[in-house]
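Notes follow the structure.
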Amino acid sequence: MAGQLEILTAIRELTNTKQLDKSELHGLLFDGITAALAKKHGPTVQAEVSIDVVAEVTDPAREVSLEEARFEDPEFQVGDVLEEPVDFAEFGRMAVLAAKQRIIQRVREGERTKIRDEFSSRVGDLLSGEVQQIERGKLVIMLNKFREAEAVIPYREQNHREHFHQGDPVRAVLKRVEETPKGPRLMLSRGDPMFVKALFKLEVPEIQQGIVEIRAAAREVGNRTKIAVFSRDDSVDPVGACVGLKGSRVQAVVNELQGERIDIVPWSADPERFAKLALAPARVARVFSDAATKTIQAVVDEDQLSLAIGRNGQNVRLASELTEWKIELYSSREWMERGSDQQIFAPLPGEVEQNVNPRLAEIEGLEPATVAVLEEAGYRTLDDIIDLEREDFLRLAGIAPEEADRLMTIIDELTTEEGSGEEPSAADASEVPEPPQNEDRSADSGTIGSDGGAGDATNATDGDSSAESDAAAAETSGRGKRKGE
């Protein structure tokens with residue numbers, strides 16, 4: 001009786017430790033007892049195992065004479081099956097070891113299957129644990145929620161500015177699941193760009209909800225990382241969501257990366273615009289692309305060239321990896337010396353028609369009925385009506401004197417160059433808003449340094465806004481000339 005109680009206790013302990021359900025437990029016990037019976041009665045033994053761990057078996061040779069069978073029961077006939085109850089006390093040492101070995105084997109197979117099913121679909125997820133052992137630079141990790149899993153961080157997947165000791169808590173991203181003779185092994189990483197993505201997913205709720213997405217990432221471990229973010233909601237700024245209030249979200253990621261600098265730029269489907277944003281914090285004057293060779297030629301001012309290249313070429317190298325295009329940098333002087341027919345500060349394709357010479361339907365303030373009358377007369381863009389006088393509009397059927405006056409006012413507003421040759425008065429100077437303070441910029445910055453403040457790159461959109469301001473200046477200047485003519 002004592003032996004049966006010990007067996008039941010061992011079974012309960014096995015069930016709790018290995019988290020086995022009822023069906024798995026029955027399968028383990030059946031295999032174990034079958035192995036023990038095969039050790040005692042031969043490999044051809046047939047057995048039935050009930051839930052209360054009682055076995056009924058036939059003889060080892062599977063056959064018995066009718067006379068021998070009738071010693072047990074006089075009513076036996078040829079073809080009947082002789083069943084013999086076997087008590088645990090009758091098992092020998094070898095049979096018990098065989099049962100133990102079979103149960104251990106089944107438990108390990110079950111653990112391997114669970115690990116494979118649990119983690120095969122979790123590549124890219126952040127896992128936490130503690131350093132269990134350090135072997136030749138490799139970190140062996142015991143996971144917090146799945147201690148049976150074998151998890152390691154290879155030497156090449158570590159940040160070599162970090163140093164861990166046995167028992168230290170650690171977080172890493174699951175990079176892949178490898179199959180080994182001992183079962184699946186979880187390969188973790190702290191040096192892959194996926195680790196930075198997983199940290200941002202942990203810190204930024206918008207990424208968890210699927211509103212903001214990290215479309216691309218490039219990293220030089222321990223030095224700098226660039227990520228490109230995209231928002232599916234126009235009302236959510238992806239860069240601001242990742243930076244957080246006063247840089248709180250990105251600072252938490254920087255702390256986990258031991259002070260590694262992070263550049264956050266908006267993602268764009270246009271390779272030219274994406275390359276311009278990826279070269280932040282440098283301000284790019286113009287970019288030209290060659291789709292056949294996947295090459296971007298970026299032109300920057302002389303004072304921006306060193307910033308665009310970065311330390312040992314790091315900035316342009318990461319930007320090229322981020323955009324997956326080859327980027328060639330030129331200063332404005334080098335570009336002119338090359339004798340290129342592309343003008344550095346010319347408006348981008350499509351911007352001339354959209355900004356300098358808009359269609360009448362795109363001009364704010366023009367009524368649809370007035371636009372229809374003008375288009376019927378052959379006037380379709382601003383350049384078509386810019387030289388017309390009030391009398392010319394009155395000759396058109398459907399244009400009243402009030403509407404003609406309004407058209408002249410709109411043309412004056414669109415073509416008059418603001419502040420042409422006049423010094424601002426004292427009253428005007430008092431109304432000029434003061435520039436924002438430096439501490440306010442740090443909250444919206446797309447780059448953060450190891451000290452927690454703004455890094456050497458300001459907001460990732462600054463480079464683009466510079467190009468837009470140049471285009472706006474060219475637009476205003478061109479319209480002023482037309483007015484002067």
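Every chain in the structure tokens takes a letter, A first, then B, and so on in the order presented; its residues are numbered from 1, and the ligands are numbered from 1 following the presented order.
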All strand (DSSP E) positions in segment 106-269 of chain A, as a ChimeraX atom specification: /A:126-135,138-143,150-153,169-180,183-189,212-220,224-231,261-266
10 Å contact set for Ile296 of chain A, only C-alpha atoms, chain neighbours under 5 positions out, as a list in words: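 My list of contacting residues is Pro271, Glu272, Ala275, Lys276, Val287, Phe288, Ser289, Asp290, Ala291, Ser320, Thr323, Trp325, Lys326, Ile327, Glu328 and Leu329 of chain A.
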Prev. selection, N, CA and C atoms, output as a PDB file, in the first residue's frame:
ATOM      1  N   PRO A 271      11.490  57.260 -53.029  1.00  0.00           N
ATOM      2  CA  PRO A 271      12.881  57.038 -52.620  1.00  0.00           C
ATOM      3  C   PRO A 271      13.671  58.328 -52.469  1.00  0.00           C
ATOM      4  N   GLU A 272      13.371  59.348 -53.273  1.00  0.00           N
ATOM      5  CA  GLU A 272      14.108  60.605 -53.155  1.00  0.00           C
ATOM      6  C   GLU A 272      13.781  61.306 -51.839  1.00  0.00           C
ATOM      7  N   ALA A 275      15.260  59.249 -48.940  1.00  0.00           N
ATOM      8  CA  ALA A 275      16.703  59.433 -48.783  1.00  0.00           C
ATOM      9  C   ALA A 275      17.016  60.780 -48.135  1.00  0.00           C
ATOM     10  N   LYS A 276      16.260  61.808 -48.497  1.00  0.00           N
ATOM     11  CA  LYS A 276      16.482  63.120 -47.891  1.00  0.00           C
ATOM     12  C   LYS A 276      16.196  63.084 -46.391  1.00  0.00           C
ATOM     13  N   VAL A 287      17.996  65.936 -54.245  1.00  0.00           N
ATOM     14  CA  VAL A 287      18.326  64.531 -54.466  1.00  0.00           C
ATOM     15  C   VAL A 287      17.865  64.143 -55.860  1.00  0.00           C
ATOM     16  N   PHE A 288      18.645  63.262 -56.495  1.00  0.00           N
ATOM     17  CA  PHE A 288      18.318  62.745 -57.815  1.00  0.00           C
ATOM     18  C   PHE A 288      18.463  61.231 -57.750  1.00  0.00           C
ATOM     19  N   SER A 289      17.555  60.518 -58.380  1.00  0.00           N
ATOM     20  CA  SER A 289      17.539  59.060 -58.273  1.00  0.00           C
ATOM     21  C   SER A 289      17.677  58.414 -59.640  1.00  0.00           C
ATOM     22  N   ASP A 290      18.263  57.230 -59.635  1.00  0.00           N
ATOM     23  CA  ASP A 290      18.377  56.394 -60.825  1.00  0.00           C
ATOM     24  C   ASP A 290      17.799  55.029 -60.464  1.00  0.00           C
ATOM     25  N   ALA A 291      16.569  54.779 -60.923  1.00  0.00           N
ATOM     26  CA  ALA A 291      15.885  53.546 -60.537  1.00  0.00           C
ATOM     27  C   ALA A 291      16.561  52.311 -61.113  1.00  0.00           C
ATOM     28  N   SER A 320      21.853  54.654 -46.234  1.00  0.00           N
ATOM     29  CA  SER A 320      21.809  53.758 -47.391  1.00  0.00           C
ATOM     30  C   SER A 320      21.190  52.416 -47.010  1.00  0.00           C
ATOM     31  N   THR A 323      17.296  52.950 -46.509  1.00  0.00           N
ATOM     32  CA  THR A 323      16.512  53.127 -47.733  1.00  0.00           C
ATOM     33  C   THR A 323      16.689  51.978 -48.709  1.00  0.00           C
ATOM     34  N   TRP A 325      18.949  51.826 -50.855  1.00  0.00           N
ATOM     35  CA  TRP A 325      19.466  52.434 -52.069  1.00  0.00           C
ATOM     36  C   TRP A 325      20.900  52.869 -51.813  1.00  0.00           C
ATOM     37  N   LYS A 326      21.731  52.831 -52.847  1.00  0.00           N
ATOM     38  CA  LYS A 326      23.082  53.361 -52.746  1.00  0.00           C
ATOM     39  C   LYS A 326      23.021  54.878 -52.788  1.00  0.00           C
ATOM     40  N   ILE A 327      23.630  55.546 -51.812  1.00  0.00           N
ATOM     41  CA  ILE A 327      23.569  57.006 -51.710  1.00  0.00           C
ATOM     42  C   ILE A 327      24.955  57.574 -51.965  1.00  0.00           C
ATOM     43  N   GLU A 328      25.035  58.501 -52.928  1.00  0.00           N
ATOM     44  CA  GLU A 328      26.271  59.215 -53.229  1.00  0.00           C
ATOM     45  C   GLU A 328      26.093  60.667 -52.819  1.00  0.00           C
ATOM     46  N   LEU A 329      27.016  61.163 -52.005  1.00  0.00           N
ATOM     47  CA  LEU A 329      26.920  62.521 -51.484  1.00  0.00           C
ATOM     48  C   LEU A 329      27.823  63.467 -52.277  1.00  0.00           C
TER      49      LEU A 329
END
Polymer residues at most 9 Å from segment 309-312 of chain A, only C-alpha atoms, same-chain spacing of 3 or more positions, as an MDAnalysis selection string: chainID A and resid 279 282 304:306 315:317 329
Two-atom distance - atom CA of Arg171 of chain A, atom CA of Lys138 of chain A (Å): 14.8 Å
Among listed residues A:Ala252, A:Val300, A:Val229, A:Ala241, nearest Ala269 of chain A (using only C-alpha atoms): A:Val229
Interatomic distance, atom CA of Glu111 of chain A to atom CA of Arg147 of chain A (Å, one decimal): 10.7 Å
Shortest interatomic distance to Gly365 of chain A - which of A:Gly247, A:Arg395, A:Gly137, A:Thr409, counting only C-alpha atoms: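 Of A:Gly247, A:Arg395, A:Gly137, A:Thr409, the one nearest Gly365 of chain A, counting only C-alpha atoms, is A:Thr409.
Closest approach to Glu118 of chain A among A:Glu130, A:Thr415, A:Lys145, A:Ser332 is made by A:Lys145 (distances from only C-alpha atoms).
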Report the closest atom pair, with its distance in Å rounded to one decimal, for each residue of segment 262-368 of chain A that has an atom no farther than 8 Å from segment 221-226 of chain A; count only C-alpha atoms, sort by chain and then rising residue number, and write it as a tab-separated table.
residue	atom	partner	partner_atom	distance
A:Ile262	CA	A:Thr225	CA	4.8
A:Asp263	CA	A:Lys226	CA	4.6
A:Ile264	CA	A:Lys226	CA	6.0
A:Val265	CA	A:Lys226	CA	7.5
A:Ala278	CA	A:Lys226	CA	7.8
A:Leu318	CA	A:Lys226	CA	6.8
A:Ala319	CA	A:Lys226	CA	7.5
A:Leu322	CA	A:Lys226	CA	7.2
Produce a file of the selected residues containing C-alpha atoms, as a compact mmCIF listing (two decimals), in the first residue's frame.
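Ended up saving to out.txt:
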# COMPACT_ATOMS: atom_id res chain seq x y z
CA ILE A 262 18.67 56.82 -32.18
CA ASP A 263 17.46 58.74 -35.24
CA ILE A 264 13.72 58.58 -35.93
CA VAL A 265 12.63 59.68 -39.41
CA ALA A 278 17.17 59.38 -43.86
CA LEU A 318 23.03 53.85 -42.15
CA ALA A 319 20.87 55.99 -44.46
CA LEU A 322 17.69 52.19 -44.23
Selected residue of minimal separation from Glu150 of chain A among A:Leu199, A:Met187, A:Ala404, A:Val131, counting only C-alpha atoms: A:Met187
Distance criterion (only C-alpha atoms): nearest to Leu414 of chain A out of A:Pro401, A:Pro358, A:Pro184, A:Pro368: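 Among the listed residues, A:Pro358 lies closest to Leu414 of chain A.
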Polymer residues at most 10 Å from Asp168 of chain A, only C-alpha atoms, same-chain spacing of 4 or more positions, as a list in words: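 Residues meeting the cut-off are Gly129, Glu130, Val131, Gln132, Ile141, His163 and Phe164 of chain A.
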Residue set, segment 264-321 of chain A restricted to helix (DSSP H, G or I), as a VMD selection string: chain A and resid 271 to 278 302 to 309 311 to 321
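Here atom CA of Lys246 of chain A is placed at a distance of 14.1 Å from atom CA of Glu203 of chain A.
Minimum distance to Val177 of chain A across A:Gly259, A:Gly398, A:Gly124, A:Pro238 (counting only C-alpha atoms) occurs at A:Gly124.
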